[in-house]
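In what follows, a structure is listed as structure tokens, so that the remarks can point back to it.
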Amino acid sequence: MNNIMTARDLCLWYGQAQALKNINMDIAENSITALIGPSGCGKSTFLKTLNRMNDLVPGVKITGQVCYREEDIYDKNVDVNQLRREVGMVFQKPNPFPMSIYDNIAYGPRTHGIRKRGELDEIVEQALRDAAIWDEVKDRLKKNALGLSGGQQQRLCIARALAVKPSVLLMDEPTSALDPISTSRIEELAMGLKDRYTIVIVTHNMQQALRISDNTAFFLLGELVEYGDTQTMFDQPADKRTEAYITGRFG
Amino acid sequence: MERAGIAPRPFRKGDNMAKKKQLVENLVHGLFLLLGLITVGCVLLITLYLVVSGIPAIREIGLADFLFGRRWASTAAEPAYGILPFILTSIYGTAGAILIGVPLGFLCAVYLAKMAQPGIRNIMESAVSLLAGIPSVVYGLVGMLVLVPGIRRLFHVPDGASLLAAILVLAVMILPSIIKVSITALEAVPREYEEASLALGATPVETWFRVSVPAAKSGIAAAVVLGVGRAIGETMAVMMVSGNAPNMPDLFQSVRFLTTAVASEMAYSAGLQQQALFSIALVLFLFIMLINAALKAFLKGSKEG
Ligand SMILES: Nc1ncnc2c1ncn2[C@@H]1O[C@H](COP(=O)(O)OP(=O)(O)OP(=O)(O)O)[C@@H](O)[C@H]1O
Ligand SMILES: [Mg+2]
């Protein structure tokens with residue numbers, strides 16, 4: 001399988017504090033990669049280096065390399081907006097825009113220059129279907145998205161991210177604010193999407209990582225301790241610290 | 001459960017200590033209520049006074065002749081009391097000030113809230129606060145000395161004291177409140193909206209104008225209404241730059257506003273003329289009430305999202 005994204009000797013500092021230490025990681029195309037580890041270990045930070053959302057934090061310093069399809073995304077000639085179109089993101093807290101469901105989904109495509117009504121209609125429907133929420137909202141596309149339930153809002157956000165047709169979808173604890181039923185819907189959704197998208201997901205839920213991911217990366221204090229096939233890692237962790245974490249002895 | 005070591009304390013209202021405290025509570029409560037009532041009383045008194053003293057002249061002149069009469073000649077041998085010129089001047093003047101001041105103030109707010117470096121922002125915000133604190137007579141003075149001659153020269157009109165001068169002065173005067181309220185509204189937009197937009201590949205500028213601004217729109221609408229209120233009630237500054245002649249409004253003509261109509265004749269008026277001035281004040285008051293109601297509606301809208 002191809003590696004769609006790779007990190008080489010990636011270090012990141014927030015001011016003086018180093019949050020990522022020499023991360024080397026290959027992310028396989030059309031797979032689900034789970035990032036696990038205790039709170040504050042740098043999962044979100046690593047995730048955000050993949051679409052340069054860290055650029056928004058003042059005082060961030062990054063060394064090393066992150067490549068998307070063999071291209072260094074921190075190169076100064078890279079168009080960040082174009083990159084974020086390729087590498088989309090879903091946040092921990094559902095954050096639909098305070099506008100209609102339709103306009104939420106159409107926001108990305110419109111930003112990228114699609115104006116024709118028919119074309120937009122098609123994209124919106126396809127994105128909502130892909131995010132498994134079409135049937136619930138097809139009769140209320142003009143209604144405000146803030147009127148949806150938390151779980152629906154999160155699927156809407158996934159649909160919104162899909163509507164710009166990214167290749168990679170980053171998800172930062174997308175189910176931590178949701179009830180078990182919504183959670184399992186999103187897990188199914190992620191598994192259904194992986195033949196067309198590459199998914200990187202941060203989770204605190206070991207079971208979730210085990211259920212849905214192909215590969216798992218275990219972070220601790222800014223270091224990538226162990227990375228490999230999920231099943232293997234959960235059956236026979238190579239590192240003591242990984243074993244301690246996944247068996248729930250710390251974290 | 002046992003509460004070890006804690007002696008039971010009485011909590012009935014009977015004992016002395018509690019009675020005293022209750023008394024103080026009641027006194028304070030009463031005092032504050034009184035202070036509140038004084039405010040309400042003032043408003044009621046003013047309203048009542050305006051209505052009572054404003055109605056006789058309208059009765060005598062006739063509502064239609066008063067509101068829609070095009071000629072105001074209160075001291076002529078055959079006096080005419082039509083205030084349409086004043087009403088229209090006030091409306092045009094306010095609209096003009098809003099047309100100039102709102103885009104200016106609003107874009108300035110977007111710059112300050114979203115783009116400006118902290119240092120620049122600090123300096124600019126202090127300047128805006130200072131602008132808000134300048135007394136209106138000073139605006140009038142500067143307008144008289146700079147703006148009025150400037151307009152005369154630039155547009156080759158006989159006199160620069162005109163509706164245009166008043167509009168420009170008002171536009172500057174409403175800037176601070178528009179900027180401040182807009183900044184507050186823009187800053188109240190949750191950071192998550194902007195992050196979501198950026199993560200979709202939108203540029204920062206696209207994000208501000210397509211996400212932040214729409215999300216702040218009711219606050220910005222409130223800013224506009226506030227500006228309208230300020231502009232329509234302004235007296236001193238516009239009196240000094242508008243020439244104060246009761247003409248029908250024209251950009252380069254000397255004009256008189258509702259406010260200045262009252263202020264300029266009150267000192268020497270008597271009889272029906274004076275009563276008519278009260279009626280003008282009543283009309284102005286109704287305008288302001290309308291604006292307040294609009295502001296309330298907007299604020300309510302913004303709270304409900
Ligand atoms: N904007 C920031 N400024 C400064 N330090 C930050 C910032 N964001 C994160 N950090 C620090 O970087 C480290 C890694 O944080 P990060 O958010 O990546 O952890 P995480 O693994 O996602 O944790 P959690 O599971 O709680 O979400 C932490 O020590 C955190 O305090
Ligand atoms: Mg995190």
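We label chains A, B, ... in the order they appear in the structure tokens, count residues from 1 in each chain, and number ligands from 1 in the order shown.
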
Residues within 8 Å of ligand 2, counting only C-alpha atoms and all ligand atoms, as a ChimeraX atom specification:
/A:39-40,42-45,172-173,202

Contact residues (chain B, partner chain A, 12 Å, only C-alpha atoms) as a ChimeraX atom specification:
/B:117,189-207,209-217,302,304-305

Compute the set of protein, DNA and RNA residues whose minimum atom distance to ligand 1 is at most 9 Å, using only C-alpha atoms and all ligand atoms, and state it as a short mmCIF file (atom, residue, chain, number, x, y, z; two decimals) with C-alpha atoms, in the first residue's frame.
```cif
data_model
loop_
_atom_site.label_atom_id
_atom_site.label_comp_id
_atom_site.auth_asym_id
_atom_site.auth_seq_id
_atom_site.Cartn_x
_atom_site.Cartn_y
_atom_site.Cartn_z
CA TRP A 13 7.67 23.52 20.12
CA TYR A 14 5.00 25.71 21.66
CA GLY A 15 7.27 28.54 22.72
CA ALA A 17 7.93 23.64 25.50
CA GLN A 18 8.59 20.79 23.12
CA ALA A 19 5.35 18.99 22.31
CA LEU A 20 6.56 16.58 19.61
CA LEU A 35 -3.58 7.94 17.50
CA ILE A 36 -3.77 6.97 21.16
CA GLY A 37 -2.03 8.03 24.33
CA PRO A 38 -2.65 9.82 27.61
CA SER A 39 -3.92 13.38 27.75
CA GLY A 40 -1.34 15.98 26.81
CA CYS A 41 0.95 13.55 24.99
CA GLY A 42 0.71 15.41 21.68
CA LYS A 43 -1.94 13.56 19.67
CA SER A 44 -3.88 16.63 18.67
CA THR A 45 -0.68 18.51 18.06
CA PHE A 46 0.56 15.82 15.70
CA LEU A 47 -2.80 15.64 13.94
CA LYS A 48 -2.76 19.38 13.35
CA ASN A 54 -0.82 24.63 14.01
CA LEU A 56 -2.70 29.47 13.75
CA VAL A 57 -1.07 29.11 17.14
CA PRO A 58 1.31 31.96 17.83
CA GLY A 59 4.84 30.95 18.79
CA VAL A 60 4.88 27.50 17.20
CA GLN A 92 -13.71 17.20 18.78
CA ASP A 172 -9.74 14.68 16.64
CA GLU A 173 -11.78 12.65 19.12
CA VAL A 202 -7.41 10.54 17.64
CA THR A 203 -9.22 8.57 20.29
CA HIS A 204 -9.16 7.95 24.02
CA PHE A 219 2.19 8.59 21.87
CA LEU A 220 3.71 9.37 25.25
CA LEU A 221 5.07 12.75 26.33
CA GLY A 222 5.54 13.93 22.79
#
```

From the list B:Leu164, B:Leu154, B:Asp65, B:Ala171, which residue is nearest Gly101 of chain B when using only C-alpha atoms?
B:Ala171

Write out as a list in words each polymer residue whose atoms come within 8 Å of segment 148-156 of chain A, counting only C-alpha atoms; drop sequence neighbours fewer than 3 positions from it.
Lys93, Pro94, Asn95, Pro96, Ile101, Ile105, Leu128, Ala131, Ala132, Ile133, Ala145, Ala159, Arg160, Pro174, Ala177, Leu178, Asp179, Ser182, Thr183 and Ile186 of chain A

Save the residues we just selected, all heavy atoms, as a compact mmCIF listing (two decimals), in the first residue's frame?
```txt
# COMPACT_ATOMS: atom_id res chain seq x y z
N LYS A 93 -15.31 18.96 19.15
CA LYS A 93 -16.64 19.49 19.44
C LYS A 93 -17.31 19.79 18.11
O LYS A 93 -16.74 20.48 17.28
CB LYS A 93 -16.49 20.78 20.25
CG LYS A 93 -17.68 21.15 21.05
CD LYS A 93 -17.37 22.36 21.93
CE LYS A 93 -18.48 23.37 21.83
NZ LYS A 93 -17.99 24.74 21.63
N PRO A 94 -18.51 19.24 17.87
CA PRO A 94 -19.18 19.54 16.61
C PRO A 94 -19.27 21.06 16.44
O PRO A 94 -19.69 21.75 17.36
CB PRO A 94 -20.57 18.93 16.78
CG PRO A 94 -20.44 17.94 17.87
CD PRO A 94 -19.32 18.39 18.75
N ASN A 95 -18.86 21.57 15.29
CA ASN A 95 -18.86 23.03 15.11
C ASN A 95 -19.50 23.46 13.79
O ASN A 95 -18.87 24.13 12.98
CB ASN A 95 -17.44 23.57 15.22
CG ASN A 95 -16.48 22.93 14.21
OD1 ASN A 95 -16.86 22.00 13.50
ND2 ASN A 95 -15.27 23.43 14.13
N PRO A 96 -20.78 23.09 13.57
CA PRO A 96 -21.42 23.57 12.35
C PRO A 96 -21.52 25.09 12.38
O PRO A 96 -21.59 25.67 13.45
CB PRO A 96 -22.81 22.93 12.39
CG PRO A 96 -23.04 22.56 13.81
CD PRO A 96 -21.69 22.31 14.41
N ILE A 101 -28.38 23.90 6.94
CA ILE A 101 -27.68 22.65 6.69
C ILE A 101 -27.05 22.68 5.30
O ILE A 101 -25.88 22.37 5.11
CB ILE A 101 -28.66 21.47 6.83
CG1 ILE A 101 -29.10 21.35 8.30
CG2 ILE A 101 -28.05 20.17 6.34
CD1 ILE A 101 -30.22 20.39 8.54
N ILE A 105 -22.86 22.63 4.16
CA ILE A 105 -22.18 21.69 3.28
C ILE A 105 -21.62 22.40 2.06
O ILE A 105 -20.52 22.10 1.59
CB ILE A 105 -23.15 20.57 2.82
CG1 ILE A 105 -23.86 19.95 4.02
CG2 ILE A 105 -22.41 19.50 2.04
CD1 ILE A 105 -22.97 19.26 4.99
N LEU A 128 -23.84 14.43 2.12
CA LEU A 128 -24.73 14.04 3.22
C LEU A 128 -24.98 12.53 3.21
O LEU A 128 -25.08 11.90 4.26
CB LEU A 128 -26.05 14.81 3.14
CG LEU A 128 -25.94 16.30 3.51
CD1 LEU A 128 -27.21 17.05 3.14
CD2 LEU A 128 -25.67 16.47 5.01
N ALA A 131 -21.98 10.78 4.56
CA ALA A 131 -21.86 10.93 6.01
C ALA A 131 -23.05 10.30 6.73
O ALA A 131 -23.23 10.52 7.93
CB ALA A 131 -21.73 12.40 6.38
N ALA A 132 -23.84 9.54 6.00
CA ALA A 132 -24.96 8.79 6.58
C ALA A 132 -25.93 9.66 7.36
O ALA A 132 -26.36 9.31 8.46
CB ALA A 132 -24.43 7.66 7.48
N ILE A 133 -26.24 10.85 6.80
CA ILE A 133 -27.19 11.70 7.51
C ILE A 133 -28.25 12.24 6.55
O ILE A 133 -29.19 12.92 6.94
CB ILE A 133 -26.42 12.86 8.22
CG1 ILE A 133 -27.35 13.61 9.15
CG2 ILE A 133 -25.71 13.75 7.24
CD1 ILE A 133 -26.72 14.73 9.88
N ALA A 145 -28.52 24.60 11.01
CA ALA A 145 -27.81 23.39 11.42
C ALA A 145 -27.69 23.27 12.93
O ALA A 145 -27.50 22.18 13.47
CB ALA A 145 -26.43 23.36 10.79
N ALA A 159 -19.75 15.52 6.83
CA ALA A 159 -20.24 15.76 5.47
C ALA A 159 -19.65 17.04 4.91
O ALA A 159 -19.26 17.10 3.74
CB ALA A 159 -21.77 15.84 5.48
N ARG A 160 -19.58 18.06 5.75
CA ARG A 160 -19.03 19.34 5.31
C ARG A 160 -17.57 19.19 4.88
O ARG A 160 -17.13 19.77 3.89
CB ARG A 160 -19.14 20.35 6.46
CG ARG A 160 -18.68 21.74 6.13
CD ARG A 160 -18.90 22.67 7.28
NE ARG A 160 -18.09 22.30 8.43
CZ ARG A 160 -18.16 22.88 9.63
NH1 ARG A 160 -19.04 23.84 9.84
NH2 ARG A 160 -17.40 22.49 10.62
N PRO A 174 -13.59 12.55 17.49
CA PRO A 174 -14.87 12.99 16.94
C PRO A 174 -16.07 12.47 17.72
O PRO A 174 -17.18 12.96 17.53
CB PRO A 174 -14.85 12.43 15.53
CG PRO A 174 -13.98 11.23 15.62
CD PRO A 174 -12.92 11.57 16.62
N ALA A 177 -17.81 13.61 22.46
CA ALA A 177 -18.93 14.36 23.02
C ALA A 177 -20.27 13.68 22.71
O ALA A 177 -21.31 14.28 22.90
CB ALA A 177 -18.91 15.79 22.48
N LEU A 178 -20.21 12.46 22.23
CA LEU A 178 -21.45 11.83 21.73
C LEU A 178 -21.89 10.62 22.54
O LEU A 178 -21.08 9.99 23.24
CB LEU A 178 -21.25 11.42 20.27
CG LEU A 178 -20.78 12.51 19.31
CD1 LEU A 178 -20.67 11.95 17.91
CD2 LEU A 178 -21.72 13.70 19.35
N ASP A 179 -23.16 10.29 22.42
CA ASP A 179 -23.70 9.12 23.11
C ASP A 179 -23.29 7.84 22.36
O ASP A 179 -22.82 7.91 21.22
CB ASP A 179 -25.22 9.22 23.15
CG ASP A 179 -25.81 9.17 21.77
OD1 ASP A 179 -25.71 10.18 21.05
OD2 ASP A 179 -26.34 8.11 21.39
N SER A 182 -24.72 7.35 18.67
CA SER A 182 -24.10 8.24 17.69
C SER A 182 -22.66 7.83 17.45
O SER A 182 -22.16 7.89 16.32
CB SER A 182 -24.12 9.69 18.20
OG SER A 182 -25.41 10.07 18.53
N THR A 183 -21.99 7.42 18.52
CA THR A 183 -20.59 6.99 18.39
C THR A 183 -20.47 5.82 17.43
O THR A 183 -19.65 5.82 16.50
CB THR A 183 -20.04 6.58 19.76
OG1 THR A 183 -20.08 7.72 20.62
CG2 THR A 183 -18.60 6.11 19.65
N ILE A 186 -20.85 6.83 13.86
CA ILE A 186 -19.68 7.49 13.28
C ILE A 186 -18.56 6.48 13.02
O ILE A 186 -17.84 6.56 12.02
CB ILE A 186 -19.25 8.67 14.16
CG1 ILE A 186 -20.31 9.75 14.00
CG2 ILE A 186 -17.86 9.18 13.80
CD1 ILE A 186 -20.03 11.06 14.57
```

Check the DSSP output for the backbone and give back, as a short mmCIF file (atom, residue, chain, number, x, y, z; two decimals) with N, CA, C and O atoms, in the first residue's frame, the residues of segment 77-274 of chain B in strand (DSSP E or B).
```cif
data_model
loop_
_atom_site.label_atom_id
_atom_site.label_comp_id
_atom_site.auth_asym_id
_atom_site.auth_seq_id
_atom_site.Cartn_x
_atom_site.Cartn_y
_atom_site.Cartn_z
N ALA B 80 -46.14 80.26 9.51
CA ALA B 80 -46.41 78.91 9.02
C ALA B 80 -45.59 77.93 9.85
O ALA B 80 -44.43 78.20 10.19
N TYR B 81 -46.24 76.84 10.21
CA TYR B 81 -45.57 75.87 11.08
C TYR B 81 -45.52 74.48 10.45
O TYR B 81 -46.08 73.54 10.97
N GLY B 243 -25.79 75.52 8.89
CA GLY B 243 -26.35 76.79 8.43
C GLY B 243 -27.67 77.15 9.08
O GLY B 243 -28.01 78.32 9.20
N VAL B 255 -29.53 73.78 6.05
CA VAL B 255 -30.73 73.04 6.50
C VAL B 255 -30.87 73.12 8.01
O VAL B 255 -29.95 73.52 8.72
#
```

Would you list the contacts of Ala95 of chain B as a count of residues only, taking every protein, DNA or RNA residue within 10 Å and counting only C-alpha atoms, but skipping same-chain residues closer than 3 positions in sequence?
13

Residue list (helix (DSSP H, G or I), DSSP) for segment 98-295 of chain B, as a PyMOL selection string:
chain B and resi 98-115+118-133+136-155+163-187+191-199+204-215+217-233+236-241+258-268+271-295

With a distance cut-off of 6 Å and only C-alpha atoms, select the neighbouring residues of Thr216 of chain A, excluding the residue or stretch itself and same-chain residues fewer than 3 positions from it, and output the selection as an MDAnalysis selection string.
chainID A and resid 33:35 227:228 230

Those selected residues, please, written with all heavy atoms and delivered as an mmCIF file, in the first residue's frame.
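Saved to result36.cif:
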```
data_model
loop_
_atom_site.group_PDB
_atom_site.id
_atom_site.type_symbol
_atom_site.label_atom_id
_atom_site.label_comp_id
_atom_site.auth_asym_id
_atom_site.auth_seq_id
_atom_site.Cartn_x
_atom_site.Cartn_y
_atom_site.Cartn_z
ATOM 1 N N THR A 33 -5.920 5.167 10.607
ATOM 2 C CA THR A 33 -4.830 5.181 11.565
ATOM 3 C C THR A 33 -5.332 5.825 12.848
ATOM 4 O O THR A 33 -5.891 6.916 12.804
ATOM 5 C CB THR A 33 -3.637 6.002 11.013
ATOM 6 O OG1 THR A 33 -3.256 5.434 9.767
ATOM 7 C CG2 THR A 33 -2.477 5.983 11.987
ATOM 8 N N ALA A 34 -5.142 5.122 13.960
ATOM 9 C CA ALA A 34 -5.603 5.670 15.233
ATOM 10 C C ALA A 34 -4.410 6.223 15.997
ATOM 11 O O ALA A 34 -3.340 5.625 16.009
ATOM 12 C CB ALA A 34 -6.288 4.583 16.054
ATOM 13 N N LEU A 35 -4.598 7.381 16.610
ATOM 14 C CA LEU A 35 -3.583 7.941 17.497
ATOM 15 C C LEU A 35 -4.093 7.821 18.918
ATOM 16 O O LEU A 35 -5.175 8.324 19.231
ATOM 17 C CB LEU A 35 -3.315 9.416 17.166
ATOM 18 C CG LEU A 35 -3.050 9.776 15.700
ATOM 19 C CD1 LEU A 35 -2.789 11.282 15.576
ATOM 20 C CD2 LEU A 35 -1.879 8.989 15.141
ATOM 21 N N TYR A 227 4.313 2.075 16.909
ATOM 22 C CA TYR A 227 3.417 2.298 15.780
ATOM 23 C C TYR A 227 3.384 1.045 14.930
ATOM 24 O O TYR A 227 4.425 0.477 14.605
ATOM 25 C CB TYR A 227 3.934 3.479 14.944
ATOM 26 C CG TYR A 227 3.116 3.754 13.701
ATOM 27 C CD1 TYR A 227 1.727 3.833 13.770
ATOM 28 C CD2 TYR A 227 3.724 3.931 12.463
ATOM 29 C CE1 TYR A 227 0.978 4.083 12.643
ATOM 30 C CE2 TYR A 227 2.984 4.182 11.325
ATOM 31 C CZ TYR A 227 1.604 4.266 11.422
ATOM 32 O OH TYR A 227 0.860 4.508 10.306
ATOM 33 N N GLY A 228 2.194 0.575 14.619
ATOM 34 C CA GLY A 228 2.132 -0.616 13.778
ATOM 35 C C GLY A 228 0.708 -1.114 13.640
ATOM 36 O O GLY A 228 -0.252 -0.410 13.996
ATOM 37 N N THR A 230 -2.746 -2.534 14.173
ATOM 38 C CA THR A 230 -3.536 -2.397 15.394
ATOM 39 C C THR A 230 -3.676 -3.723 16.143
ATOM 40 O O THR A 230 -3.413 -3.804 17.343
ATOM 41 C CB THR A 230 -4.944 -1.861 15.054
ATOM 42 O OG1 THR A 230 -4.801 -0.585 14.440
ATOM 43 C CG2 THR A 230 -5.801 -1.737 16.289
#
```

Given only C-alpha atoms as the basis, pick out the residue of B:Leu44, B:Leu35, B:Ala116, B:Val172 nearest to Val128 of chain B.
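Under the stated criterion, the closest residue is B:Val172.
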
Any idea what's packed within 12 Å of Leu284 of chain B, counting only C-alpha atoms, ignoring anything in its chain fewer than 3 positions away? Could you give it as a PyMOL selection string?
chain B and resi 47+50-51+54+67+83+86-88+90-91+229+231-235+257-262+277-281+287-291

Nearest to Ile201 of chain A, chosen from A:Ser31, A:Asn144, A:Thr247, A:Ser184, with only C-alpha atoms counted in the distances:
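Using only C-alpha atoms, Ile201 of chain A sits closest to A:Ser31.
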
For Val169 of chain B, work out the shell of residues within 9 Å, counting only C-alpha atoms and skipping chain neighbours fewer than 3 positions away, then give it as a list in words.
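Non-adjacent residues within range: Ala97, Tyr139, Gly140, Gly143, Leu147, Leu164, Ala165, Ala166, Val172, Met173, Ile174, Ala237, Val238 and Val241 of chain B.
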
Convert the current residue selection to file output with C-alpha atoms, as a compact mmCIF listing (two decimals), in the first residue's frame.
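The result, stored in part28.txt:
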```
# COMPACT_ATOMS: atom_id res chain seq x y z
CA ALA B 97 -24.23 59.52 8.30
CA TYR B 139 -16.87 68.51 16.52
CA GLY B 140 -18.96 71.49 15.56
CA GLY B 143 -16.44 71.22 11.27
CA LEU B 147 -15.19 71.25 6.79
CA LEU B 164 -23.34 67.56 3.48
CA ALA B 165 -21.23 69.12 6.22
CA ALA B 166 -23.65 67.89 8.86
CA VAL B 172 -17.45 60.74 12.31
CA MET B 173 -19.40 61.15 15.53
CA ILE B 174 -21.12 57.78 15.23
CA ALA B 237 -22.45 69.93 16.23
CA VAL B 238 -24.98 69.91 13.39
CA VAL B 241 -22.15 73.28 10.48
```
